[in-house]
Structure formats: structure tokens, C-alpha cells
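Data block for start18.txt (compact mmCIF, C-alpha atoms):
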# COMPACT_ATOMS: atom_id res chain seq x y z
CA MET X 1 -19.29 1.68 -6.71
CA ILE X 2 -22.00 -0.75 -7.88
CA TYR X 3 -21.86 -4.53 -7.58
CA LEU X 4 -22.76 -6.17 -10.88
CA LYS X 5 -21.98 -9.52 -9.26
CA LYS X 6 -21.75 -9.96 -5.49
CA ALA X 7 -20.06 -12.86 -3.69
CA LEU X 8 -22.43 -15.30 -2.04
CA ARG X 9 -19.77 -16.40 0.42
CA VAL X 10 -16.68 -14.95 2.07
CA ALA X 11 -13.47 -17.02 2.19
CA GLU X 12 -12.42 -17.83 5.75
CA THR X 13 -9.68 -19.84 7.39
CA GLY X 14 -9.15 -21.13 10.91
CA GLN X 15 -12.73 -22.34 11.37
CA ASP X 16 -13.41 -24.03 14.69
CA ASP X 17 -13.45 -27.55 13.26
CA VAL X 18 -10.16 -27.06 11.43
CA HIS X 19 -8.61 -25.46 14.50
CA ASP X 20 -9.63 -28.33 16.76
CA ILE X 21 -8.33 -31.01 14.40
CA VAL X 22 -5.00 -29.25 13.89
CA ALA X 23 -4.55 -28.47 17.59
CA GLU X 24 -5.11 -32.13 18.46
CA MET X 25 -2.54 -33.22 15.87
CA LEU X 26 0.03 -30.70 17.06
CA ASP X 27 -0.45 -31.77 20.68
CA ALA X 28 0.06 -35.42 19.72
CA ILE X 29 3.23 -34.68 17.76
CA ALA X 30 4.60 -32.47 20.54
CA ALA X 31 4.02 -35.30 23.03
CA LYS X 32 5.03 -38.34 20.97
CA GLY X 33 7.43 -36.83 18.45
CA GLU X 34 8.47 -38.80 15.38
CA ASP X 35 6.18 -41.75 16.11
CA ALA X 36 3.10 -39.54 15.92
CA ALA X 37 4.37 -37.74 12.81
CA ARG X 38 4.99 -41.06 11.05
CA GLN X 39 1.56 -42.31 12.04
CA TYR X 40 -0.13 -39.26 10.55
CA ALA X 41 1.94 -39.74 7.38
CA ARG X 42 0.69 -43.33 7.17
CA ASP X 43 -2.93 -42.43 7.89
CA LEU X 44 -3.27 -39.25 5.84
CA ASP X 45 -0.77 -39.62 2.99
CA ARG X 46 -0.54 -43.42 2.95
CA TRP X 47 3.22 -43.05 3.08
CA THR X 48 5.47 -45.60 4.76
CA GLY X 49 8.68 -44.88 2.88
CA GLU X 50 11.77 -42.89 3.82
CA ILE X 51 11.15 -39.52 5.41
CA ILE X 52 14.53 -37.89 4.75
CA LEU X 53 15.73 -38.13 1.16
CA THR X 54 19.30 -39.31 0.65
CA PRO X 55 21.62 -37.78 -1.99
CA ASP X 56 21.06 -40.88 -4.14
CA MET X 57 17.30 -40.41 -3.95
CA ARG X 58 17.70 -36.79 -5.03
CA ALA X 59 19.86 -37.84 -7.97
CA GLN X 60 17.40 -40.55 -9.00
CA ALA X 61 14.56 -38.05 -8.97
CA ALA X 62 16.56 -35.55 -11.03
CA ALA X 63 17.21 -38.23 -13.65
CA LEU X 64 13.46 -38.58 -14.16
CA VAL X 65 12.93 -34.90 -14.96
CA PRO X 66 12.96 -34.06 -18.70
CA ASP X 67 15.75 -31.74 -19.76
CA LYS X 68 13.31 -29.13 -21.09
CA LEU X 69 11.53 -28.98 -17.75
CA LYS X 70 14.88 -28.73 -15.97
CA ALA X 71 15.74 -25.77 -18.19
CA ASP X 72 12.43 -24.08 -17.33
CA ILE X 73 13.03 -24.64 -13.61
CA GLN X 74 16.55 -23.26 -13.95
CA PHE X 75 15.18 -20.21 -15.80
CA ALA X 76 12.68 -19.52 -13.03
CA HIS X 77 15.35 -20.09 -10.37
CA ARG X 78 17.68 -17.53 -11.98
CA ASN X 79 14.94 -14.91 -12.13
CA ILE X 80 13.80 -15.45 -8.55
CA ARG X 81 17.38 -15.51 -7.26
CA ARG X 82 18.25 -12.33 -9.12
CA PHE X 83 15.29 -10.48 -7.65
CA ALA X 84 16.04 -11.80 -4.15
CA GLU X 85 19.65 -10.69 -4.50
CA ALA X 86 18.47 -7.20 -5.42
CA GLN X 87 16.27 -7.20 -2.31
CA ARG X 88 19.21 -8.36 -0.18
CA GLY X 89 21.18 -5.39 -1.45
CA THR X 90 18.63 -3.03 0.10
CA VAL X 91 19.08 -4.54 3.58
CA THR X 92 22.21 -3.07 5.11
CA ASP X 93 24.03 -2.62 8.39
CA CYS X 94 24.45 0.92 9.62
CA GLU X 95 25.82 2.95 12.51
CA VAL X 96 25.40 6.55 13.63
CA GLU X 97 26.94 8.78 16.29
CA ILE X 98 23.75 9.95 18.00
CA LEU X 99 25.63 12.40 20.19
CA PRO X 100 29.33 12.83 20.93
CA GLY X 101 30.55 9.61 22.48
CA LEU X 102 27.35 7.58 21.81
CA ILE X 103 27.40 5.30 18.77
CA ALA X 104 24.50 3.02 17.85
CA GLY X 105 23.86 0.77 14.90
CA GLN X 106 21.98 -2.11 13.41
CA ARG X 107 22.96 -5.48 12.01
CA GLN X 108 21.10 -7.73 9.61
CA ILE X 109 21.36 -11.34 10.80
CA PRO X 110 19.67 -14.26 9.02
CA VAL X 111 17.78 -16.80 11.10
CA SER X 112 19.69 -20.01 11.80
CA ALA X 113 17.18 -22.49 10.35
CA ALA X 114 14.19 -22.19 8.04
CA GLY X 115 11.46 -24.66 7.18
CA CYS X 116 9.99 -24.33 3.69
CA TYR X 117 6.64 -25.98 3.02
CA VAL X 118 5.95 -26.93 -0.61
CA PRO X 119 2.38 -27.99 -1.45
CA GLY X 120 2.05 -31.17 -3.46
CA GLY X 121 -1.51 -32.38 -3.15
CA ARG X 122 -3.83 -31.47 -6.02
CA TYR X 123 -1.06 -29.71 -7.94
CA SER X 124 2.73 -30.13 -8.01
CA HIS X 125 3.88 -26.73 -6.79
CA ILE X 126 7.35 -26.63 -8.33
CA ALA X 127 7.34 -22.84 -8.17
CA SER X 128 6.74 -22.79 -4.41
CA ALA X 129 9.93 -24.76 -3.91
CA ILE X 130 11.86 -22.21 -5.95
CA MET X 131 10.25 -19.19 -4.28
CA THR X 132 10.83 -20.25 -0.69
CA ILE X 133 14.17 -22.07 -0.76
CA THR X 134 15.92 -19.65 -3.13
CA THR X 135 14.89 -16.65 -1.06
CA ALA X 136 16.06 -18.25 2.18
CA ARG X 137 19.39 -19.16 0.59
CA VAL X 138 19.97 -15.63 -0.73
CA ALA X 139 19.13 -14.26 2.72
CA GLY X 140 22.01 -16.35 4.09
CA VAL X 141 20.07 -18.87 6.18
CA PRO X 142 22.62 -21.54 7.21
CA HIS X 143 20.19 -24.48 7.24
CA ILE X 144 17.10 -24.93 5.08
CA THR X 145 14.69 -27.84 5.37
CA ALA X 146 12.09 -28.33 2.67
CA CYS X 147 9.13 -30.66 3.02
CA SER X 148 6.33 -31.70 0.69
CA PRO X 149 3.54 -34.30 0.82
CA PRO X 150 4.55 -37.65 -0.67
CA ARG X 151 2.12 -39.39 -3.01
CA PRO X 152 1.22 -43.01 -2.19
CA GLY X 153 3.76 -45.39 -3.67
CA VAL X 154 5.56 -42.54 -5.44
CA GLY X 155 6.81 -39.99 -2.93
CA ILE X 156 7.45 -36.35 -3.72
CA PRO X 157 7.10 -35.69 -7.47
CA PRO X 158 10.57 -35.73 -9.08
CA ALA X 159 10.28 -32.19 -10.47
CA ILE X 160 9.67 -30.82 -6.97
CA ILE X 161 12.67 -32.75 -5.63
CA TYR X 162 14.81 -31.41 -8.48
CA ALA X 163 13.72 -27.84 -7.75
CA MET X 164 14.36 -28.25 -4.01
CA ASP X 165 17.83 -29.61 -4.68
CA LEU X 166 18.70 -26.98 -7.29
CA CYS X 167 17.65 -24.14 -5.00
CA GLY X 168 19.75 -25.33 -2.09
CA ALA X 169 17.64 -27.30 0.37
CA ASP X 170 19.95 -28.90 2.96
CA VAL X 171 17.32 -31.50 3.86
CA ILE X 172 14.33 -32.71 1.84
CA MET X 173 11.61 -34.34 3.89
CA ALA X 174 8.87 -36.52 2.40
CA MET X 175 6.16 -35.38 4.76
CA GLY X 176 3.35 -32.92 4.29
CA GLY X 177 0.41 -31.42 6.08
CA VAL X 178 0.32 -30.62 9.75
CA GLN X 179 2.83 -33.36 10.49
CA GLY X 180 5.40 -31.88 8.10
CA VAL X 181 5.03 -28.40 9.57
CA ALA X 182 5.27 -29.75 13.12
CA ALA X 183 8.32 -31.88 12.32
CA MET X 184 10.21 -28.81 11.12
CA ALA X 185 9.05 -26.70 14.05
CA HIS X 186 10.06 -29.28 16.67
CA GLY X 187 13.25 -30.44 14.97
CA LEU X 188 12.21 -34.08 14.46
CA PHE X 189 14.10 -36.61 12.34
CA GLY X 190 17.46 -35.07 13.27
CA LEU X 191 16.58 -31.61 11.95
CA PRO X 192 17.46 -28.35 13.68
CA LYS X 193 14.36 -26.64 15.04
CA ALA X 194 13.13 -24.14 12.48
CA ASP X 195 13.26 -20.49 13.48
CA ILE X 196 10.71 -19.64 10.78
CA LEU X 197 8.19 -21.60 8.72
CA VAL X 198 7.31 -20.32 5.25
CA GLY X 199 5.33 -21.37 2.24
CA PRO X 200 1.72 -21.79 1.14
CA GLY X 201 -0.49 -24.73 2.04
CA ASN X 202 -4.07 -25.84 2.56
CA GLN X 203 -6.25 -24.67 5.44
CA TYR X 204 -4.76 -27.29 7.78
CA VAL X 205 -1.21 -26.18 7.06
CA ALA X 206 -2.23 -22.53 7.45
CA GLU X 207 -3.88 -23.27 10.79
CA ALA X 208 -0.86 -25.25 12.01
CA LYS X 209 1.37 -22.27 11.27
CA ARG X 210 -1.09 -19.97 13.00
CA ILE X 211 -1.07 -22.10 16.16
CA LEU X 212 2.71 -22.55 16.13
CA PHE X 213 3.36 -18.82 15.71
CA GLY X 214 5.30 -17.64 18.72
CA HIS X 215 6.99 -21.00 19.15
CA VAL X 216 8.44 -20.27 15.71
CA GLY X 217 8.17 -17.38 13.30
CA ILE X 218 5.96 -17.64 10.23
CA ASP X 219 5.87 -15.74 6.97
CA MET X 220 2.24 -14.64 7.31
CA PHE X 221 -1.26 -15.76 8.24
CA ALA X 222 -2.60 -17.18 5.00
CA GLY X 223 -6.05 -17.90 3.66
CA PRO X 224 -7.27 -18.91 0.19
CA THR X 225 -5.48 -17.16 -2.64
CA ASP X 226 -7.27 -14.13 -4.10
CA SER X 227 -6.85 -11.94 -7.17
CA MET X 228 -8.24 -8.66 -8.47
CA VAL X 229 -8.20 -7.32 -12.03
CA VAL X 230 -8.72 -3.61 -12.65
CA ALA X 231 -9.81 -2.91 -16.22
CA ASP X 232 -10.98 0.18 -18.07
CA ALA X 233 -12.35 0.57 -21.59
CA THR X 234 -8.88 -0.03 -23.08
CA ALA X 235 -8.67 -3.58 -21.69
CA ASP X 236 -9.14 -6.76 -23.71
CA PRO X 237 -12.16 -8.62 -22.26
CA GLU X 238 -10.81 -12.03 -23.28
CA LEU X 239 -7.52 -11.43 -21.47
CA VAL X 240 -9.37 -10.20 -18.40
CA ALA X 241 -11.72 -13.19 -18.34
CA THR X 242 -8.88 -15.66 -18.88
CA ASP X 243 -6.83 -14.11 -16.08
CA LEU X 244 -9.76 -14.29 -13.65
CA VAL X 245 -10.43 -17.94 -14.45
CA GLY X 246 -6.73 -18.74 -14.26
CA GLN X 247 -6.70 -17.67 -10.63
CA ALA X 248 -10.10 -19.16 -9.76
CA GLU X 249 -8.75 -22.63 -10.55
CA HIS X 250 -6.68 -22.51 -7.35
CA GLY X 251 -9.66 -23.74 -5.35
CA TYR X 252 -13.40 -23.60 -4.76
CA ASN X 253 -12.99 -20.76 -2.24
CA SER X 254 -10.45 -18.61 -4.11
CA PRO X 255 -12.01 -15.17 -4.64
CA VAL X 256 -11.49 -13.33 -7.93
CA TRP X 257 -12.66 -9.76 -8.38
CA LEU X 258 -13.10 -7.53 -11.41
CA VAL X 259 -13.16 -3.77 -10.86
CA THR X 260 -13.98 -1.73 -13.94
CA SER X 261 -15.17 1.66 -15.08
CA ASP X 262 -16.69 0.27 -18.29
CA ARG X 263 -20.07 -1.52 -18.16
CA ALA X 264 -19.69 -2.99 -21.65
CA LEU X 265 -16.39 -4.62 -20.70
CA ALA X 266 -17.90 -6.02 -17.49
CA ASP X 267 -20.81 -7.57 -19.41
CA LYS X 268 -18.48 -9.10 -21.98
CA VAL X 269 -16.20 -10.61 -19.30
CA VAL X 270 -19.18 -12.11 -17.47
CA ASP X 271 -20.35 -13.65 -20.77
CA LEU X 272 -16.91 -15.11 -21.52
CA VAL X 273 -16.05 -16.62 -18.14
CA PRO X 274 -18.37 -19.69 -18.17
CA GLY X 275 -17.04 -20.90 -21.50
CA ILE X 276 -13.42 -20.48 -20.42
CA ILE X 277 -14.18 -22.41 -17.24
CA ASP X 278 -15.87 -25.20 -19.20
CA SER X 279 -12.75 -25.59 -21.37
CA LEU X 280 -10.57 -26.47 -18.35
CA PRO X 281 -9.76 -30.07 -17.42
CA GLU X 282 -10.83 -31.50 -14.08
CA PRO X 283 -10.38 -30.82 -11.20
CA ASN X 284 -9.55 -27.29 -12.37
CA ARG X 285 -12.96 -26.86 -13.97
CA SER X 286 -14.92 -27.68 -10.84
CA SER X 287 -12.72 -25.50 -8.66
CA ALA X 288 -12.98 -22.50 -10.97
CA ARG X 289 -16.74 -22.93 -11.43
CA ALA X 290 -17.36 -23.00 -7.67
CA ALA X 291 -15.04 -20.05 -7.02
CA TRP X 292 -16.71 -17.97 -9.73
CA ALA X 293 -20.23 -18.84 -8.58
CA ASP X 294 -19.74 -18.28 -4.85
CA TYR X 295 -16.80 -15.94 -4.33
CA ALA X 296 -16.31 -13.83 -7.46
CA GLU X 297 -17.38 -10.20 -7.65
CA VAL X 298 -17.73 -7.68 -10.47
CA MET X 299 -17.72 -4.03 -9.43
CA LEU X 300 -18.49 -0.96 -11.54
CA CYS X 301 -16.88 2.38 -10.59
CA ALA X 302 -17.20 5.86 -11.98
CA ASP X 303 -13.51 6.49 -12.66
CA ALA X 304 -9.91 5.45 -11.95
CA GLU X 305 -9.87 7.00 -8.48
CA GLY X 306 -13.01 5.09 -7.55
CA MET X 307 -11.40 1.86 -8.71
CA ALA X 308 -8.25 2.64 -6.74
CA VAL X 309 -10.28 3.13 -3.57
CA VAL X 310 -11.77 -0.35 -4.04
CA CYS X 311 -8.28 -1.81 -4.52
CA ASP X 312 -6.97 -0.26 -1.33
CA THR X 313 -10.06 -1.36 0.59
CA TYR X 314 -9.84 -4.99 -0.48
CA GLY X 315 -6.04 -5.28 -0.26
CA PRO X 316 -5.86 -8.14 -2.79
CA GLU X 317 -3.07 -10.69 -2.81
CA HIS X 318 -2.61 -10.23 -6.57
CA LEU X 319 -3.60 -6.98 -8.25
CA HIS X 320 -3.49 -6.78 -12.05
CA ILE X 321 -3.99 -3.41 -13.72
CA GLN X 322 -5.20 -3.60 -17.33
CA ALA X 323 -5.90 0.08 -17.78
CA ALA X 324 -4.42 3.28 -19.18
CA ASP X 325 -1.69 5.32 -17.45
CA LEU X 326 0.11 2.52 -15.64
CA ASP X 327 2.53 4.93 -13.94
CA TRP X 328 -0.42 6.65 -12.24
CA TRP X 329 -1.60 3.32 -10.86
CA LEU X 330 1.89 2.41 -9.64
CA GLN X 331 2.14 5.63 -7.67
CA ARG X 332 -1.49 5.69 -6.45
CA LEU X 333 -2.07 2.16 -5.13
CA ARG X 334 -1.11 1.34 -1.56
CA SER X 335 -2.60 -2.03 -0.61
CA TYR X 336 -1.67 -5.21 -2.49
CA GLY X 337 0.56 -8.25 -2.19
CA SER X 338 2.05 -8.01 -5.66
CA LEU X 339 1.19 -5.62 -8.48
CA PHE X 340 1.03 -6.53 -12.17
CA LEU X 341 0.99 -3.59 -14.57
CA GLY X 342 -0.34 -3.94 -18.10
CA GLU X 343 -1.64 -6.76 -20.24
CA GLU X 344 1.90 -7.82 -21.12
CA THR X 345 2.24 -9.45 -17.71
CA THR X 346 -0.11 -11.72 -15.79
CA VAL X 347 -0.40 -13.13 -12.29
CA ALA X 348 0.58 -16.52 -13.68
CA PHE X 349 4.01 -15.09 -14.61
CA GLY X 350 4.50 -14.00 -11.02
CA ASP X 351 3.22 -17.33 -9.72
CA LYS X 352 5.79 -19.31 -11.65
CA ALA X 353 8.86 -17.60 -13.00
CA ALA X 354 9.07 -13.79 -13.17
CA GLY X 355 11.16 -13.07 -10.08
CA PRO X 356 9.14 -11.35 -7.34
CA ASN X 357 7.94 -13.84 -4.76
CA HIS X 358 4.57 -15.55 -5.07
CA VAL X 359 4.13 -16.24 -1.34
CA LEU X 360 1.87 -13.26 -0.63
CA PRO X 361 -0.59 -11.91 1.96
CA THR X 362 -4.21 -13.01 1.50
CA SER X 363 -7.57 -12.14 3.03
CA GLY X 364 -6.82 -8.42 3.13
CA ALA X 365 -3.53 -8.80 5.01
CA ALA X 366 -1.85 -6.70 2.31
CA ARG X 367 -3.16 -3.72 4.27
CA TYR X 368 -0.34 -4.26 6.79
CA THR X 369 2.27 -6.62 5.33
CA GLY X 370 4.04 -7.52 2.13
CA GLY X 371 4.92 -10.93 0.77
CA LEU X 372 7.78 -13.31 1.35
CA SER X 373 11.18 -11.72 0.81
CA VAL X 374 14.74 -11.95 2.06
CA HIS X 375 13.62 -9.62 4.86
CA LYS X 376 11.39 -12.34 6.34
CA PHE X 377 14.44 -14.55 6.89
CA MET X 378 16.46 -11.80 8.55
CA LYS X 379 16.45 -10.06 11.91
CA THR X 380 17.23 -6.37 12.18
CA VAL X 381 19.01 -6.10 15.53
CA THR X 382 20.50 -3.02 17.15
CA TRP X 383 23.61 -2.30 19.22
CA GLN X 384 25.15 0.61 21.07
CA ARG X 385 28.35 1.66 22.80
CA ALA X 386 29.48 4.82 24.54
CA THR X 387 32.49 6.60 25.93
CA ARG X 388 32.32 7.73 29.55
CA ASP X 389 31.72 11.29 28.44
CA GLY X 390 29.00 10.04 26.10
CA ALA X 391 27.38 8.06 28.93
CA ARG X 392 27.16 11.08 31.22
CA PRO X 393 24.10 12.86 29.77
CA LEU X 394 22.46 9.50 29.15
CA ALA X 395 22.86 8.50 32.78
CA GLU X 396 21.53 11.80 34.09
CA ALA X 397 18.41 11.69 31.89
CA THR X 398 17.87 7.99 32.56
CA ALA X 399 18.05 8.38 36.33
CA ARG X 400 15.55 11.23 36.42
CA ILE X 401 13.09 9.65 33.97
CA SER X 402 13.30 6.32 35.82
CA ARG X 403 12.52 7.91 39.17
CA MET X 404 9.64 9.80 37.66
CA GLU X 405 8.30 6.46 36.45
CA GLY X 406 8.88 4.84 39.83
CA MET X 407 11.58 2.47 38.51
CA GLU X 408 14.27 2.90 41.15
CA GLY X 409 16.33 -0.07 39.98
CA HIS X 410 16.72 1.50 36.58
CA ALA X 411 17.71 4.80 38.15
CA ARG X 412 20.40 3.17 40.25
CA SER X 413 21.90 1.50 37.14
CA ALA X 414 22.52 5.04 35.92
CA ASP X 415 23.56 6.43 39.33
CA ILE X 416 26.32 3.89 39.82
CA ARG X 417 27.94 4.75 36.52
CA LEU X 418 28.00 8.44 37.24
CA ALA X 419 29.55 7.72 40.64
CA LYS X 420 32.21 5.48 39.06
CA PHE X 421 33.02 7.58 36.01
CA PHE X 422 32.85 11.02 37.67
CA PRO X 423 33.64 10.40 41.36
CA HIS X 424 34.36 14.05 42.20
CA GLU X 425 31.13 15.48 40.80
CA THR X 426 27.64 15.83 42.24
CA PHE X 427 24.55 15.29 40.11
CA ASP X 428 20.90 16.21 40.58
CA LEU X 429 19.27 12.83 39.89
CA GLY X 430 15.96 13.11 41.71
CA ALA X 431 12.58 12.91 40.01
CA ILE X 432 11.47 16.24 38.61
CA ASP X 433 8.14 17.45 39.95
CA ALA X 434 5.74 17.03 37.05
CA ALA X 435 3.72 20.02 38.29
CA SER X 436 6.68 22.38 38.12
Output the file's structure as C-alpha cells, nothing else.
Amino acid sequence: MIYLKKALRVAETGQDDVHDIVAEMLDAIAAKGEDAARQYARDLDRWTGEIILTPDMRAQAAALVPDKLKADIQFAHRNIRRFAEAQRGTVTDCEVEILPGLIAGQRQIPVSAAGCYVPGGRYSHIASAIMTITTARVAGVPHITACSPPRPGVGIPPAIIYAMDLCGADVIMAMGGVQGVAAMAHGLFGLPKADILVGPGNQYVAEAKRILFGHVGIDMFAGPTDSMVVADATADPELVATDLVGQAEHGYNSPVWLVTSDRALADKVVDLVPGIIDSLPEPNRSSARAAWADYAEVMLCADAEGMAVVCDTYGPEHLHIQAADLDWWLQRLRSYGSLFLGEETTVAFGDKAAGPNHVLPTSGAARYTGGLSVHKFMKTVTWQRATRDGARPLAEATARISRMEGMEGHARSADIRLAKFFPHETFDLGAIDAAS
């Protein structure tokens, strides 16, 4: 593999300065509760209005959303719900008789409360509301809180409120940033404490979730969004270039990568990108230009297998294959957040309306985890029961293993059952000599 363009910088999150600022804010909110959260809302978002939206406020917001936009939001909601429902169908309870008289099983139990963070700063992330709330609702979460940053004098954009309401948010909170995440985690403003926090956000939101992990669950550790396009000689350079720029507009530190086996295509894409960036409005143009200059890479490989190795090594959040033999790629690739096969789809479809979730692992985390799904809102818990005859071999093995380990209390929990269930029998329950 040869770099035709190498990144000058590597995207990072959780830097020391961000960590210190967020930790201080979280400590203040933990100590002072709602007063501290409100103060941060005033200082950072210049918001002094209502925190919890009433039903009338939801209805008023919905009335401001054009019918055509409502129809688009409903279309996206149906697609995302349908995919989530298909996922839910793969998560089942089960039980098995492990040996005669010993039955064990598993249950799928949704968490009791979820907090869904919906970004609303530079862009109005309508799709994030649909992705997070819909998935939690399909998973069966009894209580869903959604929060988003209010804009000064305006509040949460009406389209986001409409999407939150349509998708089933029990509570909508006009509060963003660290203070919004902390309010859901600590159960402020009359909310139940969230069992899990989900949704994308800026580096401060990501760091708040990182610090709070353990106190609550989180969907994943998130960094700047990243995207990779794999293209061979059959790809359309203009589509490839447009797709790369479309993802670079997320932010100045959003990496985009092109992996190709065709030098001519790579050169053409590199020629096209600056013009496509220049055609964007601000602030998109500045974000995409900085991301392309500092974080983008173009890599030339000998063949499809070489390109696949790069994909698996990077573990991109979004991986778009614009190459021949799409079925081969589907079966070969192992490390990505979400996979887009062929030029007929694009990462933007997945970001907004296609169905599979757009809350995905970044910064190489796709090597060990997938994206947001109904599974993230559910706990797989196990159970067991036994007859007395079924307990007998278990107790014998448990007692001997426990004594071998030096755990006498465990051994006696087995001993006492054998004595009770089989009072007229004698058992050899001593530790077995490991040397024998």
C-alpha cells in the first residue's frame, strides 16, 4: 500500500484540557444538581427558558414544521423502526436442559430508562433523534428522555422536537452539552436516572459520557466521525469525490479516506475534491477544507485483497464500497461500523433515512464493537433451576473444585445440599490431589 496523500494530523478525543473542563462541570452538577445545570445552560447556551417541554410546547413546535418535512421525517422513522424491529426479532429468550434435572436459560430485558442525546449546535440533527429514540422504543425501554441544545431565544428547533415526539420520547429536555448529559444521568428535573446514555455529540459530550461510564451505561466511546471509500477502476470519480466531501463537512477533524487500486481514479478524485469543497456554503466549506487538508488520506493498493486489509486495519465508522463484485466485499470485510455496497447507496442515506442506525463506532472502535441497535438497550440475563437429582452431580463437582481453589465457603454451600437432599449417602467431597 502506498500513500498518495497522508494525513497531517490524527483525530483524537478526550484531550487533557477537555477532560479537565468536563470533569469540573460534572463534579459541580453532581454536587449542586439542577441549579448548576441551569447555570451552565445560561452561561453556555444562553438559555433561560423552560427545561422540560410541555405537551402544548410540543404541539406548537409541530405546527411550525412544513408538511413536506413532516412526511420526510415520517418516512425516515418508518424505515428506521422497521429495521430496528427486524433486529429485535433476532434477540430471543431461550432455555436448555444442560443435563437431566438442570435447566438454564436467558432472558432479554430492556433497561428501565434511556437518555438520548440529540446534537443541535452547528446542524439540526433531526436524524439523530429518529435513530436513538426509535431504537430505544422498539427495544421496549419503558422511559425515554431526549435532550438537545436550545438556541438562544428560540429553543430546540421545531423539526427536532417534532421528530422526538413522533418517535416516542416521554420527556423532551431543552438542555444540551455536558449539563444535558449529566441531568439525564443523575435524574434531575424529575427524570428517572438513565440506565444508558446514547447519541452522538461534540468532544465535550463524548468526554462526559466517557467519564460517566460505569455510573451509567453508554452506547460507545465516540470520537470525530470518519468515513472510507473503496474504489476500483469501475468507480465514478465524481461520485467518490462528492461522497468524501459530504462526510468531511461534519467537522474540521473528521477523517475521510480513499482506498483504491487505480492510480488514474485517485488522481481524478484529488483533482475534483477542492472544487466540490469550494461549492459548499459556510460553515460546511471551511470544515470540509480543513478536514481534507489535515486528516484525509488517499491510499493506493495492488488489488482488492490489499484494499480489504487496509479496511480491516482502519476499522472505519462508515465504509463505502464502489467496486466490482460487491458480494465478495460483503463476505470478506470484518471491521466497520456500517457498510455501504455499490454506488446506488451512499453514507448520507444511512445518516438520514435508510434504516440501519447511524450512531456508529469511530476512531477504529469498529474492530471490537458495532453501532447502536436494539441490543444496546437490552440486557441478556441468565437463569437456572434444578431438581434434587439434577443438583447432585453439580454439588459434588462444585465442592471438590471449590476446595481445590481454597474456597471452603463455596464448598460448604454444596455440601449442605447433598446432606439435605441425600441424607443416607456418603460423598467424597475433598480436594483432589492435583499431582495424582
6 Å per side around segment 395-409 of chain X: axis-aligned box centre and edge lengths, as AutoDock Vina command-line options:
--center_x 15.6 --center_y 5.9 --center_z 36.5 --size_x 26.6 --size_y 23.9 --size_z 21.3
Residue neighbourhood Asp195 of chain X, 12 Å, only C-alpha atoms, exclusion window fewer than 2 positions, as an MDAnalysis selection string: chainID X and resid 110:116 136 141:145 184:187 191:193 197:198 212:219 376:379
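The point (-15.8, -3.7, -11.7) has these residues within 9 Å of it when all atoms listed in the file are used: Met1, Ile2, Tyr3, Leu4, Lys5, Val229, Val230, Ala231, Asp232, Trp257, Leu258, Val259, Thr260, Ser261, Asp262, Arg263, Ala266, Glu297, Val298, Met299, Leu300, Cys301 and Met307 of chain X.
Atom CA of Arg88 of chain X to atom CA of Thr369 of chain X spans 17.9 Å [interatomic distance, one decimal].
When atom CA of Arg81 of chain X is paired with atom CA of Asp351 of chain X, their separation reads 14.5 Å.
Minimum atom-to-atom distances from X:Ala61, X:Ala290, X:Val138, X:Leu102 to Gly390 of chain X were compared using all atoms listed in the file, and the lowest value belongs to X:Leu102.
Between atom CA of Asp325 of chain X and atom CA of Thr234 of chain X lies a distance of 10.6 Å.
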Nearest candidate to Ala36 of chain X (options X:Gln60, X:Met164, X:Val118, X:Ala183; using all atoms listed in the file): X:Ala183
Tell me, as a PDB file with C-alpha atoms, keeping the file's coordinate frame, which residues lie within 9 Å of Ser124 of chain X, counting only C-alpha atoms; anything in the same chain fewer than 2 positions away does not count.
ATOM      1  CA  VAL X 118       5.950 -26.930  -0.610  1.00  0.00           C
ATOM      2  CA  PRO X 119       2.380 -27.990  -1.450  1.00  0.00           C
ATOM      3  CA  GLY X 120       2.050 -31.170  -3.460  1.00  0.00           C
ATOM      4  CA  GLY X 121      -1.510 -32.380  -3.150  1.00  0.00           C
ATOM      5  CA  ARG X 122      -3.830 -31.470  -6.020  1.00  0.00           C
ATOM      6  CA  ILE X 126       7.350 -26.630  -8.330  1.00  0.00           C
ATOM      7  CA  ALA X 127       7.340 -22.840  -8.170  1.00  0.00           C
ATOM      8  CA  ILE X 156       7.450 -36.350  -3.720  1.00  0.00           C
ATOM      9  CA  PRO X 157       7.100 -35.690  -7.470  1.00  0.00           C
ATOM     10  CA  ALA X 159      10.280 -32.190 -10.470  1.00  0.00           C
ATOM     11  CA  ILE X 160       9.670 -30.820  -6.970  1.00  0.00           C
TER      12      ILE X 160
END
Polymer residues at most 7 Å from (19.2, -4.1, 5.9) by all atoms listed in the file, as a PyMOL selection string: chain X and resi 90-93+108+380
Polymer residues at most 6 Å from Val256 of chain X, all atoms listed in the file, same-chain spacing of 2 or more positions, as an MDAnalysis selection string: chainID X and resid 226:228 296
Nearest to Leu166 of chain X, chosen from X:Lys209, X:His375, X:Arg58, X:Arg400, with only C-alpha atoms counted in the distances: X:Arg58
Neighbour list for Leu429 of chain X as JSON, numbers by chain, cut-off 7 Å, only C-alpha atoms, skip fewer than 2 positions in-chain: {"X": [396, 399, 400, 427, 431]}
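Take the candidates X:Ala129, X:Val178, X:Ile109, X:Val65 and check each one against Gln39 of chain X using all atoms listed in the file; the shortest distance goes to X:Val178.
Among the candidates X:Ala264, X:Ala235, X:Ala28, X:Ile52, the one nearest to His320 of chain X when counting only C-alpha atoms is X:Ala235.
Among the candidates X:Leu339, X:Ile196, X:Ala248, X:Asp415, the one nearest to Leu394 of chain X when counting all atoms listed in the file is X:Asp415.
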